[in-house]
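Source file: my_file_15.pdb. Holds: PDB, C-alpha atoms and all ligand atoms.
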ATOM      1  CA  MET A 128       0.000   0.000   0.000
ATOM      2  CA  SER A 129       1.614   3.189  -1.127
ATOM      3  CA  GLN A 130       1.096   6.029   1.325
ATOM      4  CA  SER A 131       1.714   8.597  -1.393
ATOM      5  CA  ASN A 132      -1.627   7.634  -2.892
ATOM      6  CA  PRO A 133      -4.124   7.367  -0.087
ATOM      7  CA  TYR A 134      -7.618   6.134  -0.737
ATOM      8  CA  ILE A 135      -9.291   8.197   1.980
ATOM      9  CA  SER A 136      -8.511  11.807   2.917
ATOM     10  CA  VAL A 137     -10.004  13.162   6.127
ATOM     11  CA  VAL A 138     -10.111  16.966   6.281
ATOM     12  CA  ILE A 139     -10.569  18.607   9.686
ATOM     13  CA  PRO A 140     -10.670  22.311  10.636
ATOM     14  CA  VAL A 141      -9.137  23.050  14.027
ATOM     15  CA  TYR A 142      -9.789  26.159  16.066
ATOM     16  CA  ASN A 143      -8.791  26.160  19.735
ATOM     17  CA  GLU A 144      -9.199  22.426  20.158
ATOM     18  CA  GLU A 145      -6.171  21.647  22.380
ATOM     19  CA  LYS A 146      -8.296  19.561  24.739
ATOM     20  CA  THR A 147      -9.717  17.268  22.068
ATOM     21  CA  LEU A 148      -6.879  16.736  19.604
ATOM     22  CA  GLN A 149      -5.313  13.753  21.422
ATOM     23  CA  GLU A 150      -8.626  11.980  21.743
ATOM     24  CA  LEU A 151      -9.514  12.838  18.155
ATOM     25  CA  TYR A 152      -6.223  11.369  16.988
ATOM     26  CA  ARG A 153      -6.761   8.197  18.994
ATOM     27  CA  ARG A 154     -10.318   7.519  17.864
ATOM     28  CA  LEU A 155      -9.794   8.584  14.270
ATOM     29  CA  THR A 156      -6.642   6.545  13.657
ATOM     30  CA  ASN A 157      -8.205   3.528  15.404
ATOM     31  CA  THR A 158     -11.180   3.662  13.090
ATOM     32  CA  LEU A 159      -9.165   4.248   9.935
ATOM     33  CA  ASP A 160      -6.527   1.629  10.806
ATOM     34  CA  ALA A 161      -9.325  -0.895  11.327
ATOM     35  CA  LEU A 162     -10.762  -0.006   7.921
ATOM     36  CA  GLY A 163      -7.496  -1.154   6.386
ATOM     37  CA  LYS A 164      -7.351   1.291   3.454
ATOM     38  CA  PRO A 165      -4.489   3.747   2.914
ATOM     39  CA  TYR A 166      -5.489   7.121   4.283
ATOM     40  CA  GLU A 167      -4.302  10.607   5.159
ATOM     41  CA  ILE A 168      -5.564  13.141   7.668
ATOM     42  CA  ILE A 169      -5.297  16.830   6.829
ATOM     43  CA  LEU A 170      -5.735  19.171   9.785
ATOM     44  CA  THR A 171      -5.991  22.903   9.177
ATOM     45  CA  ASN A 172      -5.168  25.075  12.152
ATOM     46  CA  ASP A 173      -7.457  28.048  11.659
ATOM     47  CA  GLY A 174      -5.415  30.514  13.713
ATOM     48  CA  SER A 175      -5.941  28.865  17.106
ATOM     49  CA  LYS A 176      -4.868  30.901  20.092
ATOM     50  CA  ASP A 177      -4.244  27.915  22.353
ATOM     51  CA  GLN A 178      -1.753  25.042  22.187
ATOM     52  CA  SER A 179      -3.401  23.437  19.139
ATOM     53  CA  SER A 180      -0.528  24.365  16.848
ATOM     54  CA  LYS A 181       2.041  22.627  19.042
ATOM     55  CA  LEU A 182      -0.140  19.549  19.429
ATOM     56  CA  LEU A 183      -0.683  19.336  15.680
ATOM     57  CA  GLN A 184       3.081  19.450  15.180
ATOM     58  CA  GLU A 185       3.375  16.504  17.586
ATOM     59  CA  LEU A 186       0.698  14.519  15.769
ATOM     60  CA  HIS A 187       2.471  15.171  12.493
ATOM     61  CA  ASN A 188       5.761  13.962  13.964
ATOM     62  CA  ARG A 189       4.063  10.786  15.111
ATOM     63  CA  ARG A 190       2.884   9.851  11.595
ATOM     64  CA  PRO A 191       4.632  12.203   9.175
ATOM     65  CA  THR A 192       3.326  10.529   6.022
ATOM     66  CA  GLN A 193      -0.258  10.200   7.139
ATOM     67  CA  ILE A 194      -0.904  13.357   9.101
ATOM     68  CA  ARG A 195      -0.550  16.618   7.247
ATOM     69  CA  VAL A 196      -0.996  19.976   8.895
ATOM     70  CA  ILE A 197      -1.830  23.329   7.304
ATOM     71  CA  GLU A 198      -1.193  26.371   9.477
ATOM     72  CA  PHE A 199      -3.265  29.433   8.668
ATOM     73  CA  ASN A 200      -1.934  32.893   9.269
ATOM     74  CA  GLY A 201      -5.097  33.852  11.152
ATOM     75  CA  ASN A 202      -8.719  32.891  11.643
ATOM     76  CA  PHE A 203     -10.397  32.492   8.256
ATOM     77  CA  GLY A 204     -13.325  30.348   9.353
ATOM     78  CA  GLN A 205     -14.233  26.717   9.275
ATOM     79  CA  HIS A 206     -15.181  26.599   5.603
ATOM     80  CA  MET A 207     -11.952  28.184   4.414
ATOM     81  CA  ALA A 208     -10.012  25.780   6.625
ATOM     82  CA  ILE A 209     -11.723  22.902   4.854
ATOM     83  CA  MET A 210     -11.111  24.527   1.442
ATOM     84  CA  ALA A 211      -7.388  24.699   2.136
ATOM     85  CA  GLY A 212      -7.498  20.981   2.859
ATOM     86  CA  PHE A 213      -9.470  20.363  -0.331
ATOM     87  CA  GLU A 214      -6.773  22.055  -2.374
ATOM     88  CA  ARG A 215      -4.273  19.509  -1.133
ATOM     89  CA  VAL A 216      -6.132  16.205  -0.872
ATOM     90  CA  ARG A 217      -4.660  13.141  -2.515
ATOM     91  CA  GLY A 218      -7.363  10.584  -1.748
ATOM     92  CA  GLU A 219     -10.271   9.316  -3.824
ATOM     93  CA  ILE A 220     -12.838   9.653  -1.058
ATOM     94  CA  ILE A 221     -12.747  12.836   0.986
ATOM     95  CA  ILE A 222     -14.322  12.985   4.426
ATOM     96  CA  THR A 223     -14.888  16.238   6.313
ATOM     97  CA  MET A 224     -15.565  16.312  10.041
ATOM     98  CA  ASP A 225     -15.309  18.569  13.090
ATOM     99  CA  ALA A 226     -12.377  18.379  15.454
ATOM    100  CA  ASP A 227     -14.527  18.557  18.571
ATOM    101  CA  LEU A 228     -15.691  14.909  18.341
ATOM    102  CA  GLN A 229     -19.335  15.888  18.006
ATOM    103  CA  ASN A 230     -19.227  13.744  14.878
ATOM    104  CA  PRO A 231     -18.002  10.335  16.057
ATOM    105  CA  PRO A 232     -15.093   9.152  13.857
ATOM    106  CA  GLU A 233     -16.507   5.635  14.269
ATOM    107  CA  GLU A 234     -19.208   6.581  11.748
ATOM    108  CA  ILE A 235     -16.702   7.037   8.908
ATOM    109  CA  PRO A 236     -16.936   3.437   7.628
ATOM    110  CA  LYS A 237     -20.668   4.011   7.126
ATOM    111  CA  LEU A 238     -19.930   6.977   4.858
ATOM    112  CA  VAL A 239     -17.231   5.099   2.988
ATOM    113  CA  ALA A 240     -19.645   2.223   2.372
ATOM    114  CA  ALA A 241     -22.213   4.612   0.918
ATOM    115  CA  MET A 242     -19.552   6.138  -1.339
ATOM    116  CA  GLU A 243     -18.518   2.694  -2.504
ATOM    117  CA  ALA A 244     -22.138   1.985  -3.353
ATOM    118  CA  GLY A 245     -21.726   4.624  -6.057
ATOM    119  CA  HIS A 246     -22.789   7.938  -4.529
ATOM    120  CA  ASP A 247     -20.689  11.023  -5.159
ATOM    121  CA  VAL A 248     -21.781  12.982  -2.083
ATOM    122  CA  VAL A 249     -22.821  11.456   1.221
ATOM    123  CA  ASN A 250     -24.445  13.788   3.718
ATOM    124  CA  ALA A 251     -25.057  12.816   7.276
ATOM    125  CA  HIS A 252     -27.794  13.979   9.571
ATOM    126  CA  ARG A 253     -27.375  13.925  13.278
ATOM    127  CA  GLU A 254     -29.551  11.538  15.216
ATOM    128  CA  GLY A 255     -30.249  12.594  18.783
ATOM    129  CA  ARG A 256     -28.459  15.930  18.664
ATOM    130  CA  GLN A 257     -26.660  16.959  21.820
ATOM    131  CA  ASP A 258     -26.864  20.714  21.551
ATOM    132  CA  SER A 259     -28.380  23.535  23.517
ATOM    133  CA  TRP A 260     -32.109  24.073  22.976
ATOM    134  CA  TRP A 261     -31.602  27.382  21.250
ATOM    135  CA  ARG A 262     -29.125  25.915  18.785
ATOM    136  CA  LEU A 263     -31.693  23.229  17.994
ATOM    137  CA  PHE A 264     -34.335  25.908  17.571
ATOM    138  CA  VAL A 265     -32.146  28.017  15.263
ATOM    139  CA  SER A 266     -31.319  24.885  13.264
ATOM    140  CA  LYS A 267     -34.946  23.972  12.899
ATOM    141  CA  MET A 268     -36.010  27.424  11.717
ATOM    142  CA  HIS A 269     -33.042  27.498   9.416
ATOM    143  CA  ASN A 270     -33.870  24.130   7.874
ATOM    144  CA  LYS A 271     -37.450  25.210   7.221
ATOM    145  CA  MET A 272     -36.321  28.483   5.663
ATOM    146  CA  ARG A 273     -33.724  26.763   3.516
ATOM    147  CA  ALA A 274     -36.125  24.129   2.206
ATOM    148  CA  TRP A 275     -38.476  26.916   1.244
ATOM    149  CA  MET A 276     -35.951  29.243  -0.394
ATOM    150  CA  MET A 277     -33.557  26.744  -1.884
ATOM    151  CA  PRO A 278     -35.436  23.567  -2.760
ATOM    152  CA  ARG A 279     -32.449  22.371  -4.777
ATOM    153  CA  LEU A 280     -30.420  21.922  -1.654
ATOM    154  CA  VAL A 281     -32.049  18.881  -0.163
ATOM    155  CA  MET A 282     -30.400  18.025   3.112
ATOM    156  CA  GLN A 283     -31.920  17.380   6.449
ATOM    157  CA  ASP A 284     -29.144  18.811   8.492
ATOM    158  CA  GLU A 285     -26.802  21.403   7.079
ATOM    159  CA  GLY A 286     -25.006  21.943  10.366
ATOM    160  CA  CYS A 287     -23.484  18.491  10.373
ATOM    161  CA  MET A 288     -20.017  18.556   8.901
ATOM    162  CA  LEU A 289     -19.473  14.812   8.778
ATOM    163  CA  ARG A 290     -19.719  14.236   5.044
ATOM    164  CA  ALA A 291     -18.023  12.355   2.254
ATOM    165  CA  TYR A 292     -17.277  13.580  -1.261
ATOM    166  CA  ARG A 293     -15.787  12.016  -4.328
ATOM    167  CA  ARG A 294     -12.527  13.542  -5.491
ATOM    168  CA  SER A 295     -14.042  15.058  -8.653
ATOM    169  CA  ILE A 296     -16.556  17.030  -6.524
ATOM    170  CA  VAL A 297     -13.838  18.249  -4.175
ATOM    171  CA  ASP A 298     -11.680  19.413  -7.070
ATOM    172  CA  LEU A 299     -14.622  21.389  -8.436
ATOM    173  CA  MET A 300     -15.218  22.973  -5.043
ATOM    174  CA  ALA A 301     -11.573  23.898  -4.651
ATOM    175  CA  ALA A 302     -11.608  25.461  -8.116
ATOM    176  CA  THR A 303     -14.703  27.539  -7.341
ATOM    177  CA  GLY A 304     -12.655  30.191  -5.599
ATOM    178  CA  GLU A 305     -15.440  32.010  -3.745
ATOM    179  CA  ALA A 306     -14.389  33.879  -0.645
ATOM    180  CA  THR A 307     -17.600  33.195   1.251
ATOM    181  CA  THR A 308     -19.052  29.809   0.779
ATOM    182  CA  PHE A 309     -20.840  27.016   2.445
ATOM    183  CA  ILE A 310     -19.254  23.703   1.581
ATOM    184  CA  PRO A 311     -22.121  21.190   1.933
ATOM    185  CA  ALA A 312     -24.380  23.416  -0.213
ATOM    186  CA  LEU A 313     -21.671  23.904  -2.798
ATOM    187  CA  ALA A 314     -21.142  20.154  -3.002
ATOM    188  CA  LEU A 315     -24.821  19.538  -3.644
ATOM    189  CA  ASN A 316     -24.665  21.966  -6.552
ATOM    190  CA  TYR A 317     -22.099  19.721  -8.204
ATOM    191  CA  ALA A 318     -23.380  16.334  -7.093
ATOM    192  CA  SER A 319     -25.178  14.003  -9.444
ATOM    193  CA  ASN A 320     -25.975  11.179  -7.075
ATOM    194  CA  PRO A 321     -26.072  12.392  -3.454
ATOM    195  CA  THR A 322     -27.436  10.433  -0.541
ATOM    196  CA  GLU A 323     -27.880  10.824   3.185
ATOM    197  CA  VAL A 324     -27.151   8.586   6.174
ATOM    198  CA  GLY A 325     -27.943   8.992   9.850
ATOM    199  CA  VAL A 326     -25.037   9.320  12.272
ATOM    200  CA  ALA A 327     -24.752   9.610  16.020
ATOM    201  CA  HIS A 328     -24.073  12.967  17.566
ATOM    202  CA  GLU A 329     -22.214  13.499  20.788
ATOM    203  CA  GLU A 330     -21.634  16.302  23.118
ATOM    204  CA  ARG A 331     -18.565  18.395  22.537
ATOM    205  CA  PHE A 332     -15.634  16.467  24.002
ATOM    206  CA  ALA A 333     -14.256  19.616  25.669
ATOM    207  CA  GLY A 334     -14.444  23.359  25.420
ATOM    208  CA  THR A 335     -17.400  25.326  24.111
ATOM    209  CA  SER A 336     -18.847  25.943  20.683
ATOM    210  CA  ASN A 337     -17.032  28.529  18.612
ATOM    211  CA  TYR A 338     -20.317  29.764  17.230
ATOM    212  CA  GLY A 339     -21.947  32.484  19.241
ATOM    213  CA  PHE A 340     -25.110  34.255  18.249
ATOM    214  CA  TYR A 341     -23.360  36.708  15.939
ATOM    215  CA  LYS A 342     -21.395  34.043  14.069
ATOM    216  CA  LEU A 343     -24.530  31.956  13.582
ATOM    217  CA  ILE A 344     -26.258  34.894  11.933
ATOM    218  CA  ARG A 345     -23.258  35.579   9.693
ATOM    219  CA  TYR A 346     -23.173  31.950   8.748
ATOM    220  CA  ASN A 347     -26.859  31.904   7.829
ATOM    221  CA  PHE A 348     -26.368  34.959   5.650
ATOM    222  CA  ASP A 349     -23.499  33.162   3.920
ATOM    223  CA  LEU A 350     -25.697  30.209   3.163
ATOM    224  CA  VAL A 351     -28.670  32.229   1.964
ATOM    225  CA  THR A 352     -26.877  34.916  -0.038
ATOM    226  CA  GLY A 353     -24.379  32.435  -1.393
ATOM    227  CA  PHE A 354     -26.965  30.191  -2.934
ATOM    228  CA  SER A 355     -30.100  32.197  -3.521
ATOM    229  CA  LEU A 356     -31.373  35.560  -4.716
ATOM    230  CA  PHE A 357     -34.553  35.002  -2.785
ATOM    231  CA  PRO A 358     -34.073  37.828  -0.227
ATOM    232  CA  LEU A 359     -33.579  40.356  -3.011
ATOM    233  CA  GLN A 360     -36.651  39.115  -4.811
ATOM    234  CA  VAL A 361     -38.717  39.329  -1.637
ATOM    235  CA  PHE A 362     -38.018  43.052  -1.531
ATOM    236  CA  THR A 363     -39.047  43.534  -5.119
ATOM    237  CA  PHE A 364     -42.255  41.760  -4.267
ATOM    238  CA  ILE A 365     -42.887  43.786  -1.098
ATOM    239  CA  GLY A 366     -42.138  46.936  -3.111
ATOM    240  CA  ILE A 367     -44.750  46.027  -5.715
ATOM    241  CA  LEU A 368     -47.357  45.274  -3.036
ATOM    242  CA  ILE A 369     -46.689  48.503  -1.163
ATOM    243  CA  SER A 370     -46.800  50.609  -4.324
ATOM    244  CA  PHE A 371     -50.111  49.070  -5.185
ATOM    245  CA  PHE A 372     -51.666  49.724  -1.778
ATOM    246  CA  SER A 373     -50.300  53.263  -1.533
ATOM    247  CA  PHE A 374     -51.810  53.976  -4.924
ATOM    248  CA  VAL A 375     -55.204  52.759  -3.725
ATOM    249  CA  PHE A 376     -54.738  54.805  -0.546
ATOM    250  CA  VAL A 377     -53.930  57.991  -2.489
ATOM    251  CA  VAL A 378     -56.972  57.552  -4.713
ATOM    252  CA  TYR A 379     -59.096  57.033  -1.609
ATOM    253  CA  LEU A 380     -57.717  60.168   0.131
ATOM    254  CA  GLY A 381     -58.247  62.213  -3.050
ATOM    255  CA  LEU A 382     -61.845  61.134  -3.417
ATOM    256  CA  ARG A 383     -62.466  61.649   0.292
ATOM    257  CA  ARG A 384     -61.104  65.176   0.039
ATOM    258  CA  LEU A 385     -63.455  65.959  -2.832
ATOM    259  CA  ILE A 386     -66.538  64.420  -1.253
ATOM    260  CA  ILE A 387     -66.141  64.938   2.539
ATOM    261  CA  GLY A 388     -63.413  67.606   2.640
ATOM    262  CA  PRO A 389     -59.787  67.601   3.942
ATOM    263  CA  GLU A 390     -58.949  65.301   6.838
ATOM    264  CA  VAL A 391     -56.562  66.103   9.691
ATOM    265  CA  GLU A 392     -57.369  63.645  12.452
ATOM    266  CA  GLY A 393     -55.638  60.841  10.634
ATOM    267  CA  VAL A 394     -52.184  62.444  10.741
ATOM    268  CA  PHE A 395     -50.800  59.978  13.260
ATOM    269  CA  THR A 396     -52.083  57.003  11.350
ATOM    270  CA  LEU A 397     -50.087  58.325   8.435
ATOM    271  CA  PHE A 398     -47.003  58.583  10.659
ATOM    272  CA  ALA A 399     -47.446  54.992  11.710
ATOM    273  CA  ILE A 400     -47.658  53.857   8.118
ATOM    274  CA  LEU A 401     -44.646  55.953   7.235
ATOM    275  CA  PHE A 402     -42.495  54.489  10.001
ATOM    276  CA  PHE A 403     -43.477  51.023   8.931
ATOM    277  CA  LEU A 404     -42.408  51.773   5.369
ATOM    278  CA  ILE A 405     -39.114  53.289   6.514
ATOM    279  CA  GLY A 406     -38.484  50.106   8.470
ATOM    280  CA  ILE A 407     -38.998  48.009   5.374
ATOM    281  CA  VAL A 408     -36.763  50.254   3.296
ATOM    282  CA  LEU A 409     -33.959  49.998   5.851
ATOM    283  CA  LEU A 410     -34.266  46.241   6.004
ATOM    284  CA  GLY A 411     -34.202  46.083   2.221
ATOM    285  CA  LEU A 412     -31.109  48.254   2.143
ATOM    286  CA  GLY A 413     -29.465  45.910   4.618
ATOM    287  CA  VAL A 414     -30.163  42.899   2.437
ATOM    288  CA  VAL A 415     -28.882  44.655  -0.663
ATOM    289  CA  GLY A 416     -25.815  45.572   1.393
ATOM    290  CA  GLU A 417     -25.182  41.928   2.230
ATOM    291  CA  TYR A 418     -25.053  41.046  -1.442
ATOM    292  CA  ILE A 419     -22.959  44.065  -2.383
ATOM    293  CA  GLY A 420     -20.566  43.243   0.439
ATOM    294  CA  ARG A 421     -20.044  39.831  -1.072
ATOM    295  CA  ILE A 422     -19.588  41.227  -4.566
ATOM    296  CA  TYR A 423     -17.006  43.574  -3.085
ATOM    297  CA  GLN A 424     -15.166  40.704  -1.445
ATOM    298  CA  GLU A 425     -15.053  38.825  -4.716
ATOM    299  CA  VAL A 426     -13.906  41.711  -6.892
ATOM    300  CA  ARG A 427     -11.083  42.645  -4.535
ATOM    301  CA  LYS A 428      -9.628  39.249  -5.375
ATOM    302  CA  ARG A 429      -7.801  38.952  -2.108
ATOM    303  CA  PRO A 430      -6.617  35.467  -1.270
ATOM    304  CA  ARG A 431      -9.309  33.535   0.548
ATOM    305  CA  PHE A 432      -6.879  32.496   3.225
ATOM    306  CA  VAL A 433      -3.194  32.794   3.949
ATOM    307  CA  ILE A 434      -1.148  29.739   4.809
ATOM    308  CA  ARG A 435       1.783  30.244   7.148
ATOM    309  CA  LYS A 436       3.299  26.796   6.790
ATOM    310  CA  VAL A 437       2.473  23.254   5.768
ATOM    311  CA  LEU A 438       3.738  20.136   7.498
ATOM    312  CA  GLU A 439       3.846  17.150   5.188
TER     313      GLU A 439
HETATM  314  N1  LIG A 501     -13.691  25.963  13.524
HETATM  315  C1  LIG A 501     -12.732  26.585  12.721
HETATM  316  N2  LIG A 501     -12.713  27.943  12.654
HETATM  317  C2  LIG A 501     -13.602  28.728  13.329
HETATM  318  C3  LIG A 501     -14.590  28.089  14.101
HETATM  319  C4  LIG A 501     -14.613  26.710  14.182
HETATM  320  O1  LIG A 501     -11.915  25.923  12.082
HETATM  321  O2  LIG A 501     -13.523  29.957  13.222
HETATM  322  C5  LIG A 501     -13.730  24.495  13.600
HETATM  323  C6  LIG A 501     -13.743  23.906  15.009
HETATM  324  O3  LIG A 501     -12.441  23.661  15.490
HETATM  325  C7  LIG A 501     -14.498  22.615  14.815
HETATM  326  C8  LIG A 501     -15.497  22.962  13.721
HETATM  327  O4  LIG A 501     -14.947  24.086  13.030
HETATM  328  O5  LIG A 501     -13.655  21.580  14.337
HETATM  329  C9  LIG A 501     -16.868  23.269  14.248
HETATM  330  O6  LIG A 501     -16.802  24.278  15.229
HETATM  331  P1  LIG A 501     -17.670  24.254  16.547
HETATM  332  O7  LIG A 501     -17.646  22.911  17.175
HETATM  333  O8  LIG A 501     -17.264  25.400  17.386
HETATM  334  O9  LIG A 501     -19.105  24.545  15.945
HETATM  335  P2  LIG A 501     -20.486  23.848  16.329
HETATM  336  O10 LIG A 501     -20.248  22.371  16.451
HETATM  337  O11 LIG A 501     -20.886  24.458  17.617
HETATM  338  O12 LIG A 501     -21.370  24.197  15.176
HETATM  339 MG    MG A 502     -19.026  21.427  17.390
END

Produce structure tokens that represent the structure in this file.
Amino acid sequence: MSQSNPYISVVIPVYNEEKTLQELYRRLTNTLDALGKPYEIILTNDGSKDQSSKLLQELHNRRPTQIRVIEFNGNFGQHMAIMAGFERVRGEIIITMDADLQNPPEEIPKLVAAMEAGHDVVNAHREGRQDSWWRLFVSKMHNKMRAWMMPRLVMQDEGCMLRAYRRSIVDLMAATGEATTFIPALALNYASNPTEVGVAHEERFAGTSNYGFYKLIRYNFDLVTGFSLFPLQVFTFIGILISFFSFVFVVYLGLRRLIIGPEVEGVFTLFAILFFLIGIVLLGLGVVGEYIGRIYQEVRKRPRFVIRKVLE
């Protein structure tokens, strides 16, 4: 078995995971060794501020041919960390997973089996999620919204990063070159024969989630604006509706003025309507801003991420 040509590549983003890396290494290598196929593990350190970098160096020293480490120059986000791995994979089947052991590595053989059955993308949905109630709530709302806005992207559980992709799909994703992206959605755009399997979900092995409220909102905007023009179209639609009703309203006020005479008592009602409309305009501006912001990021053509060093 030549280690220069692995069959499986596991790509893992790492951000402040010093407490889990040892355990991750143990469980992941146990599972992959038992599978008996040549493999590599690519870990991207996404600018961790703890000891993760040192620990990754140690893991690399332990198995220099199998464990490859990419060190980012700063924090570029989970999806960019995975992208950097994608640009370097050598395997035929590429698995992505989180470093925090919320996706049990023991489920990998299940994904590999599904890939070998001929699928080009295997998504996993978490069974019995161990997350805080508000994360579950946000997820649920998000899933509903996504199914409604982007029916093409059929997946039960976009928050689960344990997934498998065929090499051709990964190469396409790496070549896409977008600065803000959402990997599972991107993969589905390119997939011809995707499937989904259920996997167990565990509590974070240590530490706390890196996604606070703000990051979750950012991340939802990335998904929605990255794959749909729906929010922009909603505002066109609202605009049409409002124009129509204001027209009716103006005609009514005009007629009223002619028949009954000028009205003054309704001034505050008008204020209320006005404030409501200003609210909608501001919201619309915000949405347009989100899209323009992304266009701006793309046209600047800055590198998506900066790699400080690579251990391999
Ligand atoms: N992660 C990353 N960069 C970040 C945030 C997170 O590479 O800016 C990694 C993190 O180390 C983990 C995965 O992405 O492997 C998922 O992060 P986390 O567990 O915090 O998210 P959650 O499971 O709460 O969605
Ligand atoms: Mg997690």

Distance query 9 Å from (-13.9, 25.1, 0.3) using only C-alpha atoms, result as JSON, numbers by chain: {"A": [206, 207, 208, 209, 210, 211, 212, 213, 214, 297, 300, 301, 302, 303, 304, 305, 306, 307, 308, 309, 310, 313]}

Excluding same-chain residues fewer than 2 positions from Tyr292 (chain A), what lies within 6 Å of it counting all atoms listed in the file, as a PyMOL selection string? chain A and resi 220-221+247-248

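If you apply the PyMOL selection byres (((chain A and resi 354) around 10) and not hetatm) to this structure, you end up with Arg273, Met276, Met277, Arg279, Leu280, Thr308, Phe309, Ala312, Leu313, Asn316, Phe348, Asp349, Leu350, Val351, Thr352, Gly353, Ser355, Leu356 and Phe357 of chain A.
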
Cut-off 8 Å around (-18.9, 13.0, 10.3) with only C-alpha atoms: residues as a list in words: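 Residues with an atom at most 8 Å from (-18.9, 13.0, 10.3): Ile222, Thr223, Met224, Asp225, Asn230, Pro231, Pro232, Glu234, Ile235, Ala251, Cys287, Met288, Leu289, Arg290 and Val326 of chain A.
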
For this structure, which residues satisfy the selection - the PyMOL selection byres (((chain A and resi 164-173) around 6) and not hetatm) - when it is evaluated on the file as given? I want them as a ChimeraX atom specification. /A:133-142,162-163,174-175,193-199,202,208

Using all atoms listed in the file, which residues sit within 9 Å of Glu254 (chain A) once same-chain residues fewer than 6 positions away are excluded, as a ChimeraX atom specification? /A:325-328

Give me, as a list in words, the set of residues whose atoms come within 7 Å of any atom of ligand MG 502 (chain A), counting all atoms listed in the file.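 Those within range of ligand MG 502 (chain A) are Asp225, Asp227, Gln229, Arg331 and Ser336 of chain A.
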
Once the PyMOL selection byres (((chain A and resi 144-156) around 6) and not hetatm) is applied to the coordinates I shared, what remains selected? I want it as a ChimeraX atom specification. /A:142-143,157-160,178-179,232

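Using only C-alpha atoms, the shortest contact distance between Leu397 (chain A) and any of A:Val437, A:Val377, A:Leu410, A:Asn347 is found at A:Val377.
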
Output, as JSON, the centre and edge lengths in Å (one decimal) of the axis-aligned box that contains all listed atoms of ligand LIG 501 (chain A) with 3 Å of margin on each side.
{"center_x": -16.6, "center_y": 25.8, "center_z": 14.8, "size_x": 15.5, "size_y": 14.4, "size_z": 11.5}

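Atom to atom, CA of Arg345 (chain A) and atom C6 of ligand LIG 501 (chain A) stand 16.0 Å apart.
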
Choose the residue, out of A:Asp298, A:Glu417, A:Glu323, A:Glu330, that has the smallest atom-to-atom separation from ligand LIG 501 (chain A); count all atoms listed in the file. A:Glu330

Do you have the CA of Asn200 (chain A)-atom C1 of ligand LIG 501 (chain A) distance handy?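 We find that CA of Asn200 (chain A) and atom C1 of ligand LIG 501 (chain A) lie 13.0 Å from each other.
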
Using all atoms listed in the file, pick whichever of A:Phe264, A:Phe395, A:Phe371, A:Phe332 has the shortest atom-to-atom distance to ligand LIG 501 (chain A).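 Smallest distance to ligand LIG 501 (chain A) is found for A:Phe332.
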
Atom-to-atom span, CA of Lys436 (chain A) and CA of Asn132 (chain A), Å: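 Atom-to-atom, CA of Lys436 (chain A) and CA of Asn132 (chain A) are spaced 22.0 Å apart.
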
So, with only C-alpha atoms and all ligand atoms as the atoms that count, which of A:Met268, A:Val391, A:Leu263, A:Ala399 lies closest to ligand LIG 501 (chain A)?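 Smallest distance to ligand LIG 501 (chain A) is found for A:Leu263.
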
Looking at all atoms listed in the file, which of A:Ile365, A:Ile434, A:Leu228, A:Ala161 is the one that sits closest to Gly334 (chain A)?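 The closest residue to Gly334 (chain A) is A:Leu228.
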
Check the smallest atom-to-atom distance from each of A:Leu359, A:Val324, A:Val433, A:Leu186 to Pro236 (chain A) using all atoms listed in the file, then report the winner.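 Among the listed residues, the smallest separation from Pro236 (chain A) belongs to A:Val324.
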
Please provide the set of residues having any atom within 10 Å of Pro321 (chain A), restricted to only C-alpha atoms, with same-chain residues fewer than 2 positions apart removed, written as a count of residues only. 18
